[in-house]
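Working notes, beginning with the structure itself.
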Amino acid sequence: MADVLRVILLVALAAAALTTGALVLNWWMEPVRRMRRALLKSLGVTPEAEALSPAEGRAAGLDFDGAQVAVLWNRGSAGLVYAFEEIEGGEIIVDGHVVARVRRGEARKALDLMAPEAEQVVLRLMFADARHPEFELALWDATLPVQTGSPGEALRLGRRWLSHLEALLKG
């Protein structure tokens with residue numbers, strides 16, 4: 001009888017250990033956490049501004065002290081790091097229409113639209129790179145299966161990114 005109880009306890013302990021291990025692995029591989037780790041690895045520091053699209057597997061981060069911007073795709077397994085001098089500008093695109101823009105050497109097209117019913121809000125970053133001249137990141141996409149936030153929050157994040165880019169391009 002004691003052997004049966006011992007076996008039952010060992011099986012229960014093994015099941016608890018496996019469950020705990022699976023939960024820890026699930027937590028570690030969560031898309032947002034994984035993208036943040038990839039940004040940290042790419043920039044070498046925690047980004048001071050970040051934009052994440054876990055459903056797309058894309059992210060962008062700014063490091064002001066290191067004067068660099070990282071853009072990642074394929075869930076953070078691929079990406080590029082650009083110096084601030086290589087940034088040409090950025091745009092906010094709502095449902096296929098450019099609603100705000102900042103470009104090197106041009107006046108800023110300010111965001112004067114708040115679209116609470118937008119289907120898609122995209123941040124497009126433009127670089128002086130012939131191979132990868134632009135990077136698009138969906139800040140809000142109603143067609144993607146997982147959404148956090150709202151179109152209004154996505155527009156505010158995009159406006160904040162354009163403000164950062166404008167300051168970098170002027171500085």
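Chain labels A, B, ... are given in the sequence in which chains occur in the structure tokens; within each chain residues are numbered consecutively from 1, and ligands are likewise numbered from 1 in the order shown.
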Would you give me, as JSON lines, each residue of range 22-86 of chain A having an atom within 12 Å of an atom of range 96-108 of chain A, along with its shortest atom pair and that distance in Å to one decimal, using only C-alpha atoms and sorting by chain and residue number?
```
{"residue": "A:Phe84", "atom": "CA", "partner": "A:Arg104", "partner_atom": "CA", "distance": 11.4}
{"residue": "A:Glu85", "atom": "CA", "partner": "A:Arg104", "partner_atom": "CA", "distance": 10.0}
{"residue": "A:Glu86", "atom": "CA", "partner": "A:Arg104", "partner_atom": "CA", "distance": 10.2}
```
Could you check which of A:Glu119, A:Asp129, A:Glu48, A:Glu134 is closest to Ala154 in chain A, using only C-alpha atoms?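 When distances to Ala154 in chain A are compared using only C-alpha atoms, the smallest one comes from A:Glu119.
The coordinates place CA of Pro151 in chain A at 6.0 Å from CA of Ala118 in chain A.
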Selected residue of minimal separation from Ile93 in chain A among A:Glu136, A:Glu117, A:Asp65, A:Glu166, counting only C-alpha atoms: A:Glu136
Taking the DSSP secondary structure from the backbone, can you list the residues of range 27-119 of chain A that are strand (DSSP E or B), as a ChimeraX atom specification? /A:49-53,58-63,68-73,78-83,87-94,97-103,109
All residues 9 Å or closer to Ala70 in chain A, only C-alpha atoms, same chain fewer than 4 positions away omitted, as an mmCIF file with N, CA and C atoms, in the first residue's frame:
```
data_model
loop_
_atom_site.group_PDB
_atom_site.id
_atom_site.type_symbol
_atom_site.label_atom_id
_atom_site.label_comp_id
_atom_site.auth_asym_id
_atom_site.auth_seq_id
_atom_site.Cartn_x
_atom_site.Cartn_y
_atom_site.Cartn_z
ATOM 1 N N LEU A 39 13.937 43.577 -29.074
ATOM 2 C CA LEU A 39 14.325 44.988 -29.161
ATOM 3 C C LEU A 39 15.499 45.280 -28.236
ATOM 4 N N SER A 42 18.588 43.909 -29.820
ATOM 5 C CA SER A 42 19.000 44.666 -31.010
ATOM 6 C C SER A 42 19.639 45.993 -30.655
ATOM 7 N N LEU A 43 19.033 46.714 -29.714
ATOM 8 C CA LEU A 43 19.525 48.046 -29.362
ATOM 9 C C LEU A 43 20.605 48.017 -28.290
ATOM 10 N N PRO A 47 14.453 50.160 -25.132
ATOM 11 C CA PRO A 47 14.074 51.295 -25.981
ATOM 12 C C PRO A 47 13.280 52.340 -25.198
ATOM 13 N N ALA A 59 8.053 44.996 -34.744
ATOM 14 C CA ALA A 59 8.285 45.952 -33.668
ATOM 15 C C ALA A 59 9.279 47.001 -34.133
ATOM 16 N N ALA A 60 9.227 48.153 -33.467
ATOM 17 C CA ALA A 60 10.194 49.226 -33.702
ATOM 18 C C ALA A 60 10.517 49.850 -32.357
ATOM 19 N N GLY A 61 11.767 50.257 -32.188
ATOM 20 C CA GLY A 61 12.178 50.877 -30.937
ATOM 21 C C GLY A 61 13.214 51.950 -31.170
ATOM 22 N N LEU A 62 13.152 53.007 -30.363
ATOM 23 C CA LEU A 62 14.097 54.122 -30.440
ATOM 24 C C LEU A 62 14.999 54.132 -29.222
ATOM 25 N N ASP A 63 16.289 54.313 -29.445
ATOM 26 C CA ASP A 63 17.274 54.502 -28.377
ATOM 27 C C ASP A 63 17.885 55.879 -28.594
ATOM 28 N N GLY A 79 15.731 41.664 -38.441
ATOM 29 C CA GLY A 79 15.549 43.097 -38.271
ATOM 30 C C GLY A 79 16.790 43.869 -38.645
ATOM 31 N N LEU A 80 16.669 45.187 -38.543
ATOM 32 C CA LEU A 80 17.766 46.093 -38.864
ATOM 33 C C LEU A 80 17.843 47.177 -37.798
ATOM 34 N N VAL A 81 19.044 47.686 -37.599
ATOM 35 C CA VAL A 81 19.259 48.809 -36.703
ATOM 36 C C VAL A 81 19.843 49.935 -37.545
ATOM 37 N N TYR A 82 19.186 51.099 -37.487
ATOM 38 C CA TYR A 82 19.615 52.260 -38.256
ATOM 39 C C TYR A 82 20.092 53.354 -37.313
ATOM 40 N N ALA A 83 21.079 54.123 -37.777
ATOM 41 C CA ALA A 83 21.484 55.336 -37.067
ATOM 42 C C ALA A 83 20.456 56.416 -37.365
#
```
For Phe135 in chain A, the closest of A:Leu157, A:Ala2, A:Ala14, A:Ile92 counting only C-alpha atoms is A:Ile92
Pick from A:Ser150, A:Lys109, A:Gly89, A:Pro31 nearest to Pro133 in chain A, counting only C-alpha atoms: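 Of the candidates, the smallest distance to Pro133 in chain A is held by A:Gly89.
Computed from the coordinates, the CA of Arg36 in chain A to CA of Ala138 in chain A distance equals 16.4 Å.
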Coordinates-based distance that separates CA of Leu139 in chain A from CA of Arg124 in chain A (Å, one decimal):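 Spanning CA of Arg124 in chain A to CA of Leu139 in chain A is a straight-line distance of 10.1 Å.
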Could you give me, as a PDB file with N, CA and C atoms, in the first residue's frame, each residue of chain A that DSSP assigns to alpha helix (DSSP H) when run on this structure's backbone?
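Here's the written file states-v3.pdb:
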```
ATOM      1  N   ALA A   2       1.960   1.221   0.726  1.00  0.00           N
ATOM      2  CA  ALA A   2       2.854   2.362   0.803  1.00  0.00           C
ATOM      3  C   ALA A   2       3.494   2.635  -0.552  1.00  0.00           C
ATOM      4  N   ASP A   3       3.789   1.557  -1.323  1.00  0.00           N
ATOM      5  CA  ASP A   3       4.380   1.730  -2.646  1.00  0.00           C
ATOM      6  C   ASP A   3       3.390   2.393  -3.600  1.00  0.00           C
ATOM      7  N   VAL A   4       2.132   2.050  -3.525  1.00  0.00           N
ATOM      8  CA  VAL A   4       1.112   2.653  -4.383  1.00  0.00           C
ATOM      9  C   VAL A   4       0.981   4.143  -4.067  1.00  0.00           C
ATOM     10  N   LEU A   5       0.980   4.479  -2.788  1.00  0.00           N
ATOM     11  CA  LEU A   5       0.885   5.874  -2.384  1.00  0.00           C
ATOM     12  C   LEU A   5       2.110   6.656  -2.864  1.00  0.00           C
ATOM     13  N   ARG A   6       3.268   6.046  -2.763  1.00  0.00           N
ATOM     14  CA  ARG A   6       4.505   6.681  -3.216  1.00  0.00           C
ATOM     15  C   ARG A   6       4.454   6.924  -4.727  1.00  0.00           C
ATOM     16  N   VAL A   7       3.989   5.973  -5.502  1.00  0.00           N
ATOM     17  CA  VAL A   7       3.881   6.130  -6.960  1.00  0.00           C
ATOM     18  C   VAL A   7       2.897   7.233  -7.303  1.00  0.00           C
ATOM     19  N   ILE A   8       1.769   7.261  -6.616  1.00  0.00           N
ATOM     20  CA  ILE A   8       0.764   8.309  -6.867  1.00  0.00           C
ATOM     21  C   ILE A   8       1.349   9.683  -6.562  1.00  0.00           C
ATOM     22  N   LEU A   9       2.074   9.815  -5.459  1.00  0.00           N
ATOM     23  CA  LEU A   9       2.692  11.091  -5.111  1.00  0.00           C
ATOM     24  C   LEU A   9       3.755  11.506  -6.130  1.00  0.00           C
ATOM     25  N   LEU A  10       4.553  10.544  -6.606  1.00  0.00           N
ATOM     26  CA  LEU A  10       5.568  10.854  -7.619  1.00  0.00           C
ATOM     27  C   LEU A  10       4.932  11.283  -8.944  1.00  0.00           C
ATOM     28  N   VAL A  11       3.853  10.612  -9.334  1.00  0.00           N
ATOM     29  CA  VAL A  11       3.151  10.995 -10.568  1.00  0.00           C
ATOM     30  C   VAL A  11       2.552  12.390 -10.409  1.00  0.00           C
ATOM     31  N   ALA A  12       1.956  12.679  -9.259  1.00  0.00           N
ATOM     32  CA  ALA A  12       1.383  14.001  -9.011  1.00  0.00           C
ATOM     33  C   ALA A  12       2.473  15.071  -9.008  1.00  0.00           C
ATOM     34  N   LEU A  13       3.620  14.796  -8.415  1.00  0.00           N
ATOM     35  CA  LEU A  13       4.733  15.739  -8.397  1.00  0.00           C
ATOM     36  C   LEU A  13       5.271  15.975  -9.807  1.00  0.00           C
ATOM     37  N   ALA A  14       5.392  14.916 -10.596  1.00  0.00           N
ATOM     38  CA  ALA A  14       5.853  15.058 -11.981  1.00  0.00           C
ATOM     39  C   ALA A  14       4.860  15.877 -12.806  1.00  0.00           C
ATOM     40  N   ALA A  15       3.591  15.636 -12.606  1.00  0.00           N
ATOM     41  CA  ALA A  15       2.567  16.398 -13.336  1.00  0.00           C
ATOM     42  C   ALA A  15       2.614  17.873 -12.941  1.00  0.00           C
ATOM     43  N   ALA A  16       2.797  18.154 -11.669  1.00  0.00           N
ATOM     44  CA  ALA A  16       2.894  19.535 -11.210  1.00  0.00           C
ATOM     45  C   ALA A  16       4.134  20.216 -11.794  1.00  0.00           C
ATOM     46  N   ALA A  17       5.250  19.493 -11.837  1.00  0.00           N
ATOM     47  CA  ALA A  17       6.480  20.060 -12.397  1.00  0.00           C
ATOM     48  C   ALA A  17       6.322  20.336 -13.888  1.00  0.00           C
ATOM     49  N   LEU A  18       5.719  19.408 -14.616  1.00  0.00           N
ATOM     50  CA  LEU A  18       5.490  19.614 -16.051  1.00  0.00           C
ATOM     51  C   LEU A  18       4.543  20.786 -16.302  1.00  0.00           C
ATOM     52  N   THR A  19       3.500  20.898 -15.518  1.00  0.00           N
ATOM     53  CA  THR A  19       2.552  22.004 -15.663  1.00  0.00           C
ATOM     54  C   THR A  19       3.236  23.336 -15.387  1.00  0.00           C
ATOM     55  N   THR A  20       4.030  23.391 -14.340  1.00  0.00           N
ATOM     56  CA  THR A  20       4.758  24.618 -14.012  1.00  0.00           C
ATOM     57  C   THR A  20       5.735  24.978 -15.124  1.00  0.00           C
ATOM     58  N   GLY A  21       6.447  23.989 -15.627  1.00  0.00           N
ATOM     59  CA  GLY A  21       7.379  24.229 -16.739  1.00  0.00           C
ATOM     60  C   GLY A  21       6.669  24.744 -17.982  1.00  0.00           C
ATOM     61  N   ALA A  22       5.525  24.167 -18.307  1.00  0.00           N
ATOM     62  CA  ALA A  22       4.760  24.623 -19.475  1.00  0.00           C
ATOM     63  C   ALA A  22       4.261  26.048 -19.285  1.00  0.00           C
ATOM     64  N   LEU A  23       3.798  26.379 -18.084  1.00  0.00           N
ATOM     65  CA  LEU A  23       3.323  27.744 -17.811  1.00  0.00           C
ATOM     66  C   LEU A  23       4.458  28.759 -17.901  1.00  0.00           C
ATOM     67  N   VAL A  24       5.617  28.420 -17.373  1.00  0.00           N
ATOM     68  CA  VAL A  24       6.775  29.320 -17.449  1.00  0.00           C
ATOM     69  C   VAL A  24       7.205  29.499 -18.903  1.00  0.00           C
ATOM     70  N   LEU A  25       7.239  28.442 -19.688  1.00  0.00           N
ATOM     71  CA  LEU A  25       7.602  28.540 -21.106  1.00  0.00           C
ATOM     72  C   LEU A  25       6.587  29.384 -21.867  1.00  0.00           C
ATOM     73  N   ASN A  26       5.309  29.194 -21.588  1.00  0.00           N
ATOM     74  CA  ASN A  26       4.268  29.993 -22.232  1.00  0.00           C
ATOM     75  C   ASN A  26       4.430  31.471 -21.894  1.00  0.00           C
ATOM     76  N   TRP A  27       4.730  31.781 -20.643  1.00  0.00           N
ATOM     77  CA  TRP A  27       4.948  33.159 -20.223  1.00  0.00           C
ATOM     78  C   TRP A  27       6.166  33.751 -20.933  1.00  0.00           C
ATOM     79  N   TRP A  28       7.251  32.988 -20.999  1.00  0.00           N
ATOM     80  CA  TRP A  28       8.502  33.446 -21.599  1.00  0.00           C
ATOM     81  C   TRP A  28       8.342  33.702 -23.101  1.00  0.00           C
ATOM     82  N   PRO A  31       4.132  36.697 -27.132  1.00  0.00           N
ATOM     83  CA  PRO A  31       4.603  37.544 -28.232  1.00  0.00           C
ATOM     84  C   PRO A  31       5.104  38.928 -27.815  1.00  0.00           C
ATOM     85  N   VAL A  32       4.397  39.621 -26.948  1.00  0.00           N
ATOM     86  CA  VAL A  32       4.834  40.966 -26.548  1.00  0.00           C
ATOM     87  C   VAL A  32       6.160  40.887 -25.794  1.00  0.00           C
ATOM     88  N   ARG A  33       6.269  39.955 -24.883  1.00  0.00           N
ATOM     89  CA  ARG A  33       7.497  39.794 -24.105  1.00  0.00           C
ATOM     90  C   ARG A  33       8.663  39.403 -25.030  1.00  0.00           C
ATOM     91  N   ARG A  34       8.384  38.545 -25.993  1.00  0.00           N
ATOM     92  CA  ARG A  34       9.418  38.104 -26.930  1.00  0.00           C
ATOM     93  C   ARG A  34       9.906  39.264 -27.798  1.00  0.00           C
ATOM     94  N   MET A  35       8.969  40.123 -28.260  1.00  0.00           N
ATOM     95  CA  MET A  35       9.351  41.267 -29.081  1.00  0.00           C
ATOM     96  C   MET A  35      10.173  42.269 -28.266  1.00  0.00           C
ATOM     97  N   ARG A  36       9.808  42.466 -27.013  1.00  0.00           N
ATOM     98  CA  ARG A  36      10.571  43.388 -26.161  1.00  0.00           C
ATOM     99  C   ARG A  36      11.985  42.870 -25.914  1.00  0.00           C
ATOM    100  N   ARG A  37      12.122  41.569 -25.729  1.00  0.00           N
ATOM    101  CA  ARG A  37      13.470  40.990 -25.559  1.00  0.00           C
ATOM    102  C   ARG A  37      14.283  41.169 -26.833  1.00  0.00           C
ATOM    103  N   ALA A  38      13.651  40.991 -27.992  1.00  0.00           N
ATOM    104  CA  ALA A  38      14.358  41.160 -29.270  1.00  0.00           C
ATOM    105  C   ALA A  38      14.792  42.616 -29.458  1.00  0.00           C
ATOM    106  N   LEU A  39      13.937  43.577 -29.074  1.00  0.00           N
ATOM    107  CA  LEU A  39      14.325  44.988 -29.161  1.00  0.00           C
ATOM    108  C   LEU A  39      15.499  45.280 -28.236  1.00  0.00           C
ATOM    109  N   LEU A  40      15.438  44.761 -27.029  1.00  0.00           N
ATOM    110  CA  LEU A  40      16.528  44.946 -26.077  1.00  0.00           C
ATOM    111  C   LEU A  40      17.832  44.377 -26.633  1.00  0.00           C
ATOM    112  N   LYS A  41      17.763  43.208 -27.228  1.00  0.00           N
ATOM    113  CA  LYS A  41      18.959  42.579 -27.804  1.00  0.00           C
ATOM    114  C   LYS A  41      19.485  43.387 -28.993  1.00  0.00           C
ATOM    115  N   SER A  42      18.588  43.909 -29.820  1.00  0.00           N
ATOM    116  CA  SER A  42      19.000  44.666 -31.010  1.00  0.00           C
ATOM    117  C   SER A  42      19.639  45.993 -30.655  1.00  0.00           C
ATOM    118  N   LEU A  43      19.033  46.714 -29.714  1.00  0.00           N
ATOM    119  CA  LEU A  43      19.525  48.046 -29.362  1.00  0.00           C
ATOM    120  C   LEU A  43      20.605  48.017 -28.290  1.00  0.00           C
ATOM    121  N   PRO A 151      -8.371  52.191 -31.950  1.00  0.00           N
ATOM    122  CA  PRO A 151      -7.803  53.036 -33.006  1.00  0.00           C
ATOM    123  C   PRO A 151      -7.304  54.378 -32.463  1.00  0.00           C
ATOM    124  N   GLY A 152      -8.010  54.946 -31.480  1.00  0.00           N
ATOM    125  CA  GLY A 152      -7.582  56.208 -30.889  1.00  0.00           C
ATOM    126  C   GLY A 152      -6.226  56.089 -30.209  1.00  0.00           C
ATOM    127  N   GLU A 153      -6.012  55.002 -29.475  1.00  0.00           N
ATOM    128  CA  GLU A 153      -4.715  54.773 -28.830  1.00  0.00           C
ATOM    129  C   GLU A 153      -3.626  54.587 -29.874  1.00  0.00           C
ATOM    130  N   ALA A 154      -3.951  53.897 -30.958  1.00  0.00           N
ATOM    131  CA  ALA A 154      -2.980  53.689 -32.029  1.00  0.00           C
ATOM    132  C   ALA A 154      -2.596  55.016 -32.674  1.00  0.00           C
ATOM    133  N   LEU A 155      -3.557  55.892 -32.884  1.00  0.00           N
ATOM    134  CA  LEU A 155      -3.264  57.209 -33.457  1.00  0.00           C
ATOM    135  C   LEU A 155      -2.412  58.047 -32.503  1.00  0.00           C
ATOM    136  N   ARG A 156      -2.679  57.966 -31.218  1.00  0.00           N
ATOM    137  CA  ARG A 156      -1.854  58.700 -30.250  1.00  0.00           C
ATOM    138  C   ARG A 156      -0.417  58.182 -30.242  1.00  0.00           C
ATOM    139  N   LEU A 157      -0.250  56.860 -30.316  1.00  0.00           N
ATOM    140  CA  LEU A 157       1.090  56.279 -30.377  1.00  0.00           C
ATOM    141  C   LEU A 157       1.792  56.722 -31.660  1.00  0.00           C
ATOM    142  N   GLY A 158       1.083  56.688 -32.779  1.00  0.00           N
ATOM    143  CA  GLY A 158       1.664  57.132 -34.045  1.00  0.00           C
ATOM    144  C   GLY A 158       2.057  58.597 -34.007  1.00  0.00           C
ATOM    145  N   ARG A 159       1.217  59.449 -33.420  1.00  0.00           N
ATOM    146  CA  ARG A 159       1.530  60.879 -33.309  1.00  0.00           C
ATOM    147  C   ARG A 159       2.770  61.082 -32.438  1.00  0.00           C
ATOM    148  N   ARG A 160       2.886  60.309 -31.360  1.00  0.00           N
ATOM    149  CA  ARG A 160       4.061  60.402 -30.497  1.00  0.00           C
ATOM    150  C   ARG A 160       5.328  60.002 -31.268  1.00  0.00           C
ATOM    151  N   TRP A 161       5.230  58.950 -32.083  1.00  0.00           N
ATOM    152  CA  TRP A 161       6.371  58.529 -32.893  1.00  0.00           C
ATOM    153  C   TRP A 161       6.760  59.616 -33.894  1.00  0.00           C
ATOM    154  N   LEU A 162       5.768  60.233 -34.529  1.00  0.00           N
ATOM    155  CA  LEU A 162       6.081  61.312 -35.472  1.00  0.00           C
ATOM    156  C   LEU A 162       6.736  62.494 -34.758  1.00  0.00           C
ATOM    157  N   SER A 163       6.320  62.774 -33.541  1.00  0.00           N
ATOM    158  CA  SER A 163       6.956  63.850 -32.774  1.00  0.00           C
ATOM    159  C   SER A 163       8.415  63.518 -32.478  1.00  0.00           C
ATOM    160  N   HIS A 164       8.678  62.263 -32.101  1.00  0.00           N
ATOM    161  CA  HIS A 164      10.066  61.835 -31.876  1.00  0.00           C
ATOM    162  C   HIS A 164      10.877  61.979 -33.166  1.00  0.00           C
ATOM    163  N   LEU A 165      10.303  61.500 -34.268  1.00  0.00           N
ATOM    164  CA  LEU A 165      11.033  61.562 -35.540  1.00  0.00           C
ATOM    165  C   LEU A 165      11.288  62.997 -35.961  1.00  0.00           C
ATOM    166  N   GLU A 166      10.314  63.877 -35.779  1.00  0.00           N
ATOM    167  CA  GLU A 166      10.493  65.279 -36.135  1.00  0.00           C
ATOM    168  C   GLU A 166      11.625  65.897 -35.317  1.00  0.00           C
ATOM    169  N   ALA A 167      11.662  65.607 -34.032  1.00  0.00           N
ATOM    170  CA  ALA A 167      12.739  66.135 -33.193  1.00  0.00           C
ATOM    171  C   ALA A 167      14.098  65.603 -33.642  1.00  0.00           C
ATOM    172  N   LEU A 168      14.141  64.334 -34.045  1.00  0.00           N
ATOM    173  CA  LEU A 168      15.403  63.749 -34.514  1.00  0.00           C
ATOM    174  C   LEU A 168      15.843  64.371 -35.831  1.00  0.00           C
ATOM    175  N   LEU A 169      14.894  64.603 -36.724  1.00  0.00           N
ATOM    176  CA  LEU A 169      15.235  65.147 -38.038  1.00  0.00           C
ATOM    177  C   LEU A 169      15.668  66.607 -37.954  1.00  0.00           C
ATOM    178  N   LYS A 170      15.144  67.354 -36.992  1.00  0.00           N
ATOM    179  CA  LYS A 170      15.536  68.747 -36.806  1.00  0.00           C
ATOM    180  C   LYS A 170      16.860  68.867 -36.063  1.00  0.00           C
TER     181      LYS A 170
END
```
Selection near Ala55 in chain A, 12 Å with only C-alpha atoms, sequence-local residues under 2 positions removed, as a ChimeraX atom specification: /A:30-32,35,52-53,57-59,73-76,137-148
Save out the residues we just selected, C-alpha atoms, as a PDB file, in the first residue's frame.
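out-v5.pdb, freshly written:
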```pdb
ATOM      1  CA  GLU A  30       4.430  35.416 -25.015  1.00  0.00           C
ATOM      2  CA  PRO A  31       4.603  37.544 -28.232  1.00  0.00           C
ATOM      3  CA  VAL A  32       4.834  40.966 -26.548  1.00  0.00           C
ATOM      4  CA  MET A  35       9.351  41.267 -29.081  1.00  0.00           C
ATOM      5  CA  LEU A  52       4.736  46.628 -31.117  1.00  0.00           C
ATOM      6  CA  SER A  53       2.477  44.591 -33.356  1.00  0.00           C
ATOM      7  CA  GLY A  57       5.383  39.848 -35.432  1.00  0.00           C
ATOM      8  CA  ARG A  58       6.799  43.354 -36.000  1.00  0.00           C
ATOM      9  CA  ALA A  59       8.285  45.952 -33.668  1.00  0.00           C
ATOM     10  CA  TRP A  73       9.991  41.441 -38.230  1.00  0.00           C
ATOM     11  CA  ASN A  74       9.445  37.656 -38.217  1.00  0.00           C
ATOM     12  CA  ARG A  75       8.604  37.813 -34.495  1.00  0.00           C
ATOM     13  CA  GLY A  76      11.906  39.507 -33.759  1.00  0.00           C
ATOM     14  CA  LEU A 137       3.943  48.440 -38.591  1.00  0.00           C
ATOM     15  CA  ALA A 138       0.213  48.038 -37.941  1.00  0.00           C
ATOM     16  CA  LEU A 139      -0.574  49.912 -34.749  1.00  0.00           C
ATOM     17  CA  TRP A 140      -4.226  48.856 -35.102  1.00  0.00           C
ATOM     18  CA  ASP A 141      -5.758  46.356 -37.509  1.00  0.00           C
ATOM     19  CA  ALA A 142      -9.323  45.199 -36.988  1.00  0.00           C
ATOM     20  CA  THR A 143      -8.731  42.207 -39.282  1.00  0.00           C
ATOM     21  CA  LEU A 144      -6.006  40.690 -37.095  1.00  0.00           C
ATOM     22  CA  PRO A 145      -7.204  38.088 -34.593  1.00  0.00           C
ATOM     23  CA  VAL A 146      -5.701  39.665 -31.467  1.00  0.00           C
ATOM     24  CA  GLN A 147      -6.172  43.351 -30.701  1.00  0.00           C
ATOM     25  CA  THR A 148      -5.319  45.410 -27.686  1.00  0.00           C
TER      26      THR A 148
END
```
Of A:Gly66, A:Gly44, A:Pro54, A:Gly90, the one nearest to Leu125 in chain A when counting only C-alpha atoms is A:Gly90
